[in-house]
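Participant: Have a look at this one before I ask anything.
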Amino acid sequence: MPKRILLLLLSGMAIVNAQESGKKAPPRKPKAEAVNYYRDIEPILTANCVSCHQAAMAAGGLRVDAPENVLQGGASGPAVIPGKAQRSLLYTRLTDTTAKRMPPASTLTEEQLALIRAWINLGAKIEPAPKR
């Protein structure tokens, strides 16, 4: 009798497995959309950094009023090291907790910092400017 129960149990498990294998796999989540410089990063820099880091009045020689200037950096060296946010001066100054933190009078939101970190870690790519 125990063999018979075991056989029935194994048969039932085989039927359940066969039925489940016919089900469709759950849909995969779409890949996270890449961070776009013009859509995500430029507005943050414009709102928080450009007032002190533009043209002739660029503090520390760092200009953030154009994407090529952000990548070039300033007197302290490159502002961005593509793929390495934790080593990029732009990101480290934005997250610094000392007097070196930028902007000096306010802080960026966690979401803004996450976007900048992701942009740098994804290679700090700058797509062609959108048509305006």
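Starting from 1 in every chain, residues are counted up; chains themselves are A, B, ... following the order of the structure tokens, and ligands are numbered from 1 as listed.
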Near region 77-94 of chain A, within 9 Å and counting only C-alpha atoms, which residues show up once chain neighbours fewer than 2 positions away are dropped, as a list in words?
Facilitator: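 Result of the neighbour search: Leu62, Val70, Leu71, Gln72, Gly73, Gly74, Ala75, Asp96, Thr97, Lys100, Arg101, Met102, Pro103, Thr107, Leu108, Leu113, Ile116, Arg117, Ala118, Trp119, Ile120, Asn121, Leu122, Gly123, Ala124 and Lys125 of chain A.
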Participant: With N, CA and C atoms kept, could you save the residues just selected as a PDB file, in the first residue's frame?
Facilitator:
```pdb
ATOM      1  N   LEU A  62      35.326  75.988 -13.491  1.00  0.00           N
ATOM      2  CA  LEU A  62      34.372  74.962 -13.935  1.00  0.00           C
ATOM      3  C   LEU A  62      33.136  75.626 -14.496  1.00  0.00           C
ATOM      4  N   VAL A  70      31.076  70.750 -18.958  1.00  0.00           N
ATOM      5  CA  VAL A  70      30.940  69.860 -17.802  1.00  0.00           C
ATOM      6  C   VAL A  70      31.988  68.754 -17.899  1.00  0.00           C
ATOM      7  N   LEU A  71      32.135  68.195 -19.081  1.00  0.00           N
ATOM      8  CA  LEU A  71      33.090  67.104 -19.264  1.00  0.00           C
ATOM      9  C   LEU A  71      34.537  67.585 -19.180  1.00  0.00           C
ATOM     10  N   GLN A  72      34.781  68.834 -19.573  1.00  0.00           N
ATOM     11  CA  GLN A  72      36.142  69.369 -19.560  1.00  0.00           C
ATOM     12  C   GLN A  72      36.656  69.552 -18.135  1.00  0.00           C
ATOM     13  N   GLY A  73      35.820  70.056 -17.260  1.00  0.00           N
ATOM     14  CA  GLY A  73      36.250  70.273 -15.885  1.00  0.00           C
ATOM     15  C   GLY A  73      36.765  71.680 -15.668  1.00  0.00           C
ATOM     16  N   GLY A  74      37.482  71.868 -14.561  1.00  0.00           N
ATOM     17  CA  GLY A  74      37.970  73.200 -14.209  1.00  0.00           C
ATOM     18  C   GLY A  74      39.360  73.138 -13.625  1.00  0.00           C
ATOM     19  N   ALA A  75      39.681  74.112 -12.775  1.00  0.00           N
ATOM     20  CA  ALA A  75      41.019  74.226 -12.200  1.00  0.00           C
ATOM     21  C   ALA A  75      41.394  73.017 -11.339  1.00  0.00           C
ATOM     22  N   ASP A  96      29.357  65.963  -0.828  1.00  0.00           N
ATOM     23  CA  ASP A  96      30.280  66.250   0.276  1.00  0.00           C
ATOM     24  C   ASP A  96      29.506  66.788   1.481  1.00  0.00           C
ATOM     25  N   THR A  97      29.960  66.464   2.656  1.00  0.00           N
ATOM     26  CA  THR A  97      29.303  66.955   3.871  1.00  0.00           C
ATOM     27  C   THR A  97      30.121  68.041   4.567  1.00  0.00           C
ATOM     28  N   LYS A 100      33.254  72.030   1.458  1.00  0.00           N
ATOM     29  CA  LYS A 100      33.528  71.917   0.018  1.00  0.00           C
ATOM     30  C   LYS A 100      32.278  71.537  -0.782  1.00  0.00           C
ATOM     31  N   ARG A 101      31.180  71.235  -0.080  1.00  0.00           N
ATOM     32  CA  ARG A 101      29.953  70.798  -0.754  1.00  0.00           C
ATOM     33  C   ARG A 101      29.418  71.892  -1.673  1.00  0.00           C
ATOM     34  N   MET A 102      28.906  71.468  -2.797  1.00  0.00           N
ATOM     35  CA  MET A 102      28.266  72.367  -3.741  1.00  0.00           C
ATOM     36  C   MET A 102      26.851  71.871  -3.981  1.00  0.00           C
ATOM     37  N   PRO A 103      25.923  72.736  -4.235  1.00  0.00           N
ATOM     38  CA  PRO A 103      26.008  74.182  -4.055  1.00  0.00           C
ATOM     39  C   PRO A 103      26.106  74.516  -2.564  1.00  0.00           C
ATOM     40  N   THR A 107      21.141  71.846  -0.965  1.00  0.00           N
ATOM     41  CA  THR A 107      21.549  70.497  -1.372  1.00  0.00           C
ATOM     42  C   THR A 107      20.587  69.982  -2.432  1.00  0.00           C
ATOM     43  N   LEU A 108      21.082  69.089  -3.257  1.00  0.00           N
ATOM     44  CA  LEU A 108      20.233  68.463  -4.249  1.00  0.00           C
ATOM     45  C   LEU A 108      19.423  67.359  -3.582  1.00  0.00           C
ATOM     46  N   LEU A 113      20.574  63.552  -7.147  1.00  0.00           N
ATOM     47  CA  LEU A 113      21.900  62.948  -6.968  1.00  0.00           C
ATOM     48  C   LEU A 113      21.960  61.577  -7.635  1.00  0.00           C
ATOM     49  N   ILE A 116      22.385  62.063 -11.407  1.00  0.00           N
ATOM     50  CA  ILE A 116      23.753  62.450 -11.764  1.00  0.00           C
ATOM     51  C   ILE A 116      24.697  61.259 -11.607  1.00  0.00           C
ATOM     52  N   ARG A 117      24.551  60.524 -10.513  1.00  0.00           N
ATOM     53  CA  ARG A 117      25.380  59.339 -10.299  1.00  0.00           C
ATOM     54  C   ARG A 117      25.178  58.330 -11.428  1.00  0.00           C
ATOM     55  N   ALA A 118      23.934  58.064 -11.771  1.00  0.00           N
ATOM     56  CA  ALA A 118      23.639  57.106 -12.843  1.00  0.00           C
ATOM     57  C   ALA A 118      24.191  57.586 -14.172  1.00  0.00           C
ATOM     58  N   TRP A 119      24.030  58.867 -14.472  1.00  0.00           N
ATOM     59  CA  TRP A 119      24.542  59.416 -15.732  1.00  0.00           C
ATOM     60  C   TRP A 119      26.049  59.216 -15.826  1.00  0.00           C
ATOM     61  N   ILE A 120      26.752  59.533 -14.766  1.00  0.00           N
ATOM     62  CA  ILE A 120      28.212  59.361 -14.784  1.00  0.00           C
ATOM     63  C   ILE A 120      28.569  57.882 -14.891  1.00  0.00           C
ATOM     64  N   ASN A 121      27.941  57.050 -14.078  1.00  0.00           N
ATOM     65  CA  ASN A 121      28.256  55.619 -14.091  1.00  0.00           C
ATOM     66  C   ASN A 121      27.917  54.946 -15.406  1.00  0.00           C
ATOM     67  N   LEU A 122      26.958  55.497 -16.137  1.00  0.00           N
ATOM     68  CA  LEU A 122      26.600  54.954 -17.453  1.00  0.00           C
ATOM     69  C   LEU A 122      27.487  55.516 -18.564  1.00  0.00           C
ATOM     70  N   GLY A 123      28.526  56.259 -18.193  1.00  0.00           N
ATOM     71  CA  GLY A 123      29.476  56.745 -19.191  1.00  0.00           C
ATOM     72  C   GLY A 123      29.402  58.226 -19.484  1.00  0.00           C
ATOM     73  N   ALA A 124      28.548  58.953 -18.798  1.00  0.00           N
ATOM     74  CA  ALA A 124      28.406  60.405 -18.994  1.00  0.00           C
ATOM     75  C   ALA A 124      28.215  60.760 -20.459  1.00  0.00           C
ATOM     76  N   LYS A 125      27.338  60.027 -21.097  1.00  0.00           N
ATOM     77  CA  LYS A 125      27.072  60.267 -22.523  1.00  0.00           C
ATOM     78  C   LYS A 125      26.215  61.517 -22.707  1.00  0.00           C
TER      79      LYS A 125
END
```
Participant: Please compute the CA of Val50 (chain A)-CA of Arg63 (chain A) distance, one decimal, in Å.
Facilitator: 7.5 Å
Participant: Interatomic distance between CA of Cys49 (chain A) and CA of Ile126 (chain A)?
Facilitator: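 Atom-to-atom, CA of Cys49 (chain A) to CA of Ile126 (chain A), that is 18.1 Å.
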Participant: Which of these, A:Val64, A:Ala99, A:Lys131, A:Asn69, has the shortest distance to Pro43 (chain A) once you count only C-alpha atoms?
Facilitator: A:Val64
Participant: Would you mind reading off the distance between CA of Glu111 (chain A) and CA of Ala59 (chain A), one decimal, in Å?
Facilitator: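 Between these atoms lies a distance of 25.1 Å.
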Participant: Identify, on the basis of only C-alpha atoms, every residue whose closest approach to region 39-41 of chain A does not exceed 9 Å; exclude the query and any residue fewer than 2 positions from it along the same chain; express the result as number ranges by chain.
Facilitator: A: 35-37, 43-46, 112, 115-116, 119
Participant: For those residues, write C-alpha atoms to a file as a PDB file, in the first residue's frame.
Facilitator:
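The result, written out as selection13.pdb:
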```pdb
ATOM      1  CA  VAL A  35      19.696  58.807 -18.239  1.00  0.00           C
ATOM      2  CA  ASN A  36      19.562  61.557 -20.830  1.00  0.00           C
ATOM      3  CA  TYR A  37      21.806  64.581 -20.341  1.00  0.00           C
ATOM      4  CA  PRO A  43      17.894  70.982 -15.773  1.00  0.00           C
ATOM      5  CA  ILE A  44      19.551  70.054 -12.453  1.00  0.00           C
ATOM      6  CA  LEU A  45      22.759  71.881 -13.346  1.00  0.00           C
ATOM      7  CA  THR A  46      20.852  74.893 -14.670  1.00  0.00           C
ATOM      8  CA  GLN A 112      18.739  64.455  -8.438  1.00  0.00           C
ATOM      9  CA  LEU A 115      20.327  60.807 -11.695  1.00  0.00           C
ATOM     10  CA  ILE A 116      23.753  62.450 -11.764  1.00  0.00           C
ATOM     11  CA  TRP A 119      24.542  59.416 -15.732  1.00  0.00           C
TER      12      TRP A 119
END
```
